[in-house]
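As structure tokens, the structure follows; a few thoughts come after it.
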Amino acid sequence: MNSSNMLPCLRGLMVASCLTLLAPTLIARQGSAGKAGPVVDPALLAGLEYRSLGFSRGGRSTAVTGVPSQPLTFFMGATGGGVWKTTDAGQTWAPISDGFFEAGSIGAIAVADSDANVVYVGTGSACPRGNVSPGNGAYRSTDGGATWTHIGLPDAGQISRVRIHPTNPDLVYAAVLGNVFGPGGTRGVFRSADGGTTWEKVLYVDDRTGASDLVMDATNPRVLYAGLWTVRRTPWTIDSGSTVGGIFKSTDGGATWTKLVKGLPTHVMMGRIGLAVSPARPSRVWAQVEAAEDQGGLYRSDDGGASWQRVNDQRMLQQRAWYYTHVTADPVNPDTVYALNTDLYKSTDGGRTFQGFGFGCCDDGVYHSDNHDLWINPTNPKIMVNANDGGGIVSLNGGASWSTYANQATAEIYRVTVDTRFPYRVYGAQQDNSTISVPAYRPTKWWGESHWYSVGGGESGHIAV
């Protein structure tokens, strides 16, 4: 891979070889006659290439999926490190989007049930922190992720979900949140009947409202539910909610839509919405709803969305709604549902009570807090993959144990510096984790954890050597 292909998807800790040490000799200062400041002769940098420093502690991920017919194969999308794939249940991960994608932020991944070689990816993470990076549309692979083709929606900004027809891999839907920094652009639900060659906008409200989620009835793919969310992110705040957003349903494959209102907090502003349909009981639909006037919470419909009731109002499922608000239904038991927030929560009584899986700490090498996506194998619900602020982790026993996130070079490093020793070390502050110090050179592909350590402080800290 050449450095020009890698630059759009820089991840983890990388340096241009020798640049830091040679910087004093590369910089020449112009005279004081009109212009001042450092300049670098491009010829001196022509031979430099970026290389990974081998820091393999994973970073934030908001998109995961698996392959039902291949129980050890999973895909993970990082918010700055592209798409990764494992074929051994998370024991090893490999980047598969480098050289193809022009954006490193991933919002959605889906594998076709009818052809596991067909994979769709929507770029642009749709959990808009203040440091969110936009995407550049959608990509498709027809060889299991070995190669990729850009398939449009270049102005989509953030794509929150991709859904594929269960028997037709060319019929695909994309939930597009759009540009979270201002009005306009591509927003709503889009449909393609030709594998992404052309797209049709099938659900749209206004130029400030995009789609936060999209789910399909596993037994009847003509039935779709979409959550529409009015949102704008600024450097100092996030504006979330409106009276035009809400939950919409289609019974004709997306051609027409009806807004669902009975039992929902439609008389107040509704914000982000996460949706799930129970494969075990398709008339049961779940909606995690952000709403004003203390009307938010987990809502459930047992009649296909015709009416709703709030079954849970616990704050632990509603906090930082713009960052979380995800819900996943168990494929076998209609009373089992998962809610994703700071912890991964599970309910076995129809959503009335939830218990956490214990993802409350960030330094044990396995579990991590801040959960954003969960895929459960429809043929075996004990097989699942979770996306959190530590990366992608896999469980083959229903969550009793998980694979490590210390094998993915996807860390988001907010600040970086070096020391003056030789060989030198590189220091950085990792998003939602500790600071770290790593050697600038490595003898193998990845450093073991014994070679890097925290230097104190957390994600937002400056490091002075």
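Chain labels follow the order of the structure tokens: the first chain is A, the next B, and so on; residue numbering restarts at 1 in every chain, and ligands are counted from 1 in their shown order.
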
Contacts of region 318-322 of chain A within 8 Å, only C-alpha atoms, excl. fewer than 5 positions in-chain, as a compact mmCIF listing (two decimals) with N, CA, C and O atoms, in the first residue's frame:
# COMPACT_ATOMS: atom_id res chain seq x y z
N CYS A 127 -22.97 8.82 15.28
CA CYS A 127 -23.01 9.16 16.71
C CYS A 127 -22.18 10.42 16.88
O CYS A 127 -20.99 10.35 17.22
N PRO A 128 -22.77 11.59 16.63
CA PRO A 128 -21.98 12.81 16.38
C PRO A 128 -21.41 13.48 17.62
O PRO A 128 -21.97 14.43 18.16
N SER A 240 -30.81 19.07 19.31
CA SER A 240 -31.43 17.79 19.01
C SER A 240 -32.92 17.85 19.23
O SER A 240 -33.39 18.27 20.29
N ARG A 272 -33.35 11.85 18.94
CA ARG A 272 -32.82 10.64 18.31
C ARG A 272 -33.68 9.43 18.65
O ARG A 272 -34.19 9.30 19.77
N VAL A 289 -36.36 6.22 22.55
CA VAL A 289 -36.74 7.54 22.10
C VAL A 289 -36.18 8.62 23.01
O VAL A 289 -36.29 8.54 24.24
N GLU A 290 -35.57 9.62 22.40
CA GLU A 290 -35.22 10.85 23.11
C GLU A 290 -36.37 11.83 22.93
O GLU A 290 -36.83 12.06 21.80
N GLY A 296 -39.08 10.72 27.25
CA GLY A 296 -38.20 9.76 26.61
C GLY A 296 -38.21 8.41 27.29
O GLY A 296 -38.74 8.24 28.38
N GLY A 297 -37.60 7.43 26.62
CA GLY A 297 -37.51 6.10 27.19
C GLY A 297 -37.67 5.03 26.14
O GLY A 297 -37.67 5.30 24.93
N ASP A 313 -38.42 3.90 31.62
CA ASP A 313 -38.02 5.31 31.62
C ASP A 313 -36.73 5.52 32.39
O ASP A 313 -36.43 6.63 32.83
N ASN A 341 -25.77 1.70 25.81
CA ASN A 341 -25.47 3.01 26.35
C ASN A 341 -24.06 2.94 26.94
O ASN A 341 -23.19 2.30 26.34

Could you make a table, as a Markdown table, of the residues of region 192-305 of chain A that have an atom within 12 Å of an atom of region 132-146 of chain A, each with its nearest atom pair and distance in Å to one decimal, counting only C-alpha atoms, in chain and number order?
| residue | atom | partner | partner_atom | distance |
| --- | --- | --- | --- | --- |
| A:Ser192 | CA | A:Ala138 | CA | 11.5 |
| A:Asp194 | CA | A:Arg140 | CA | 11.5 |
| A:Gly195 | CA | A:Arg140 | CA | 7.8 |
| A:Gly196 | CA | A:Arg140 | CA | 7.8 |
| A:Thr197 | CA | A:Arg140 | CA | 10.0 |
| A:Thr198 | CA | A:Ala138 | CA | 11.5 |
| A:Trp199 | CA | A:Ala138 | CA | 10.8 |
| A:Arg233 | CA | A:Val132 | CA | 9.3 |
| A:Thr234 | CA | A:Val132 | CA | 10.8 |
| A:Pro235 | CA | A:Val132 | CA | 10.7 |

Write a file of the just-selected residues containing C-alpha atoms, as a tab-separated table (two decimals), in the first residue's frame.
chain	number	residue	atom	x	y	z
A	192	SER	CA	-31.41	1.35	-4.63
A	194	ASP	CA	-29.42	-1.98	-8.69
A	195	GLY	CA	-26.79	-2.48	-6.02
A	196	GLY	CA	-26.15	1.22	-5.53
A	197	THR	CA	-25.68	2.26	-9.14
A	198	THR	CA	-28.62	4.62	-8.72
A	199	TRP	CA	-30.44	5.82	-5.59
A	233	ARG	CA	-23.76	19.81	15.87
A	234	THR	CA	-21.78	22.96	16.59
A	235	PRO	CA	-18.39	23.34	18.31

Requested in this report: Identify which of the residues A:Thr73, A:Asn386, A:Asn131, A:Gln91 lies closest to Trp236 (chain A), counting only C-alpha atoms when measuring atom-to-atom distances.
Outcome: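 Once distances to Trp236 (chain A) are computed over only C-alpha atoms, the minimum belongs to A:Asn131.
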
Query - Residues near Gly188 (chain A), cut-off 10 Å, only C-alpha atoms, skip fewer than 3 positions along chain, as a PyMOL selection string - result: chain A and resi 156+159+174-178+201-213+226-229

Write out as a Markdown table a residue-level contact list of region 318-400 of chain A versus region 277-280 of chain A with cut-off 7 Å: for each qualifying residue the closest pair of atoms and the distance in Å to one decimal, counting only C-alpha atoms, rows sorted by chain and residue number upward.
| residue | atom | partner | partner_atom | distance |
| --- | --- | --- | --- | --- |
| A:Ala329 | CA | A:Ser278 | CA | 5.3 |
| A:Asp330 | CA | A:Ser278 | CA | 6.7 |
| A:Pro331 | CA | A:Pro279 | CA | 5.0 |
| A:Val332 | CA | A:Ala280 | CA | 5.1 |
| A:Asn333 | CA | A:Ala280 | CA | 6.0 |
| A:Pro334 | CA | A:Ala280 | CA | 5.4 |

Emit the selected residues as an mmCIF file, in the first residue's frame, including C-alpha atoms.
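This went into part-v1.cif:
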data_model
loop_
_atom_site.group_PDB
_atom_site.id
_atom_site.type_symbol
_atom_site.label_atom_id
_atom_site.label_comp_id
_atom_site.auth_asym_id
_atom_site.auth_seq_id
_atom_site.Cartn_x
_atom_site.Cartn_y
_atom_site.Cartn_z
ATOM 1 C CA ALA A 329 -33.918 -7.440 19.567
ATOM 2 C CA ASP A 330 -33.048 -11.047 20.350
ATOM 3 C CA PRO A 331 -33.753 -13.197 17.260
ATOM 4 C CA VAL A 332 -35.310 -16.094 19.212
ATOM 5 C CA ASN A 333 -36.951 -14.762 22.390
ATOM 6 C CA PRO A 334 -39.462 -11.926 21.859
#

Query raised in the report: Using the chain letters and numbers from this document, which residues of region 27-200 of chain A does DSSP assign to alpha helix (DSSP H), as a list of chain:residue names?
Result: A:Pro42, A:Ala43, A:Leu44, A:Leu45
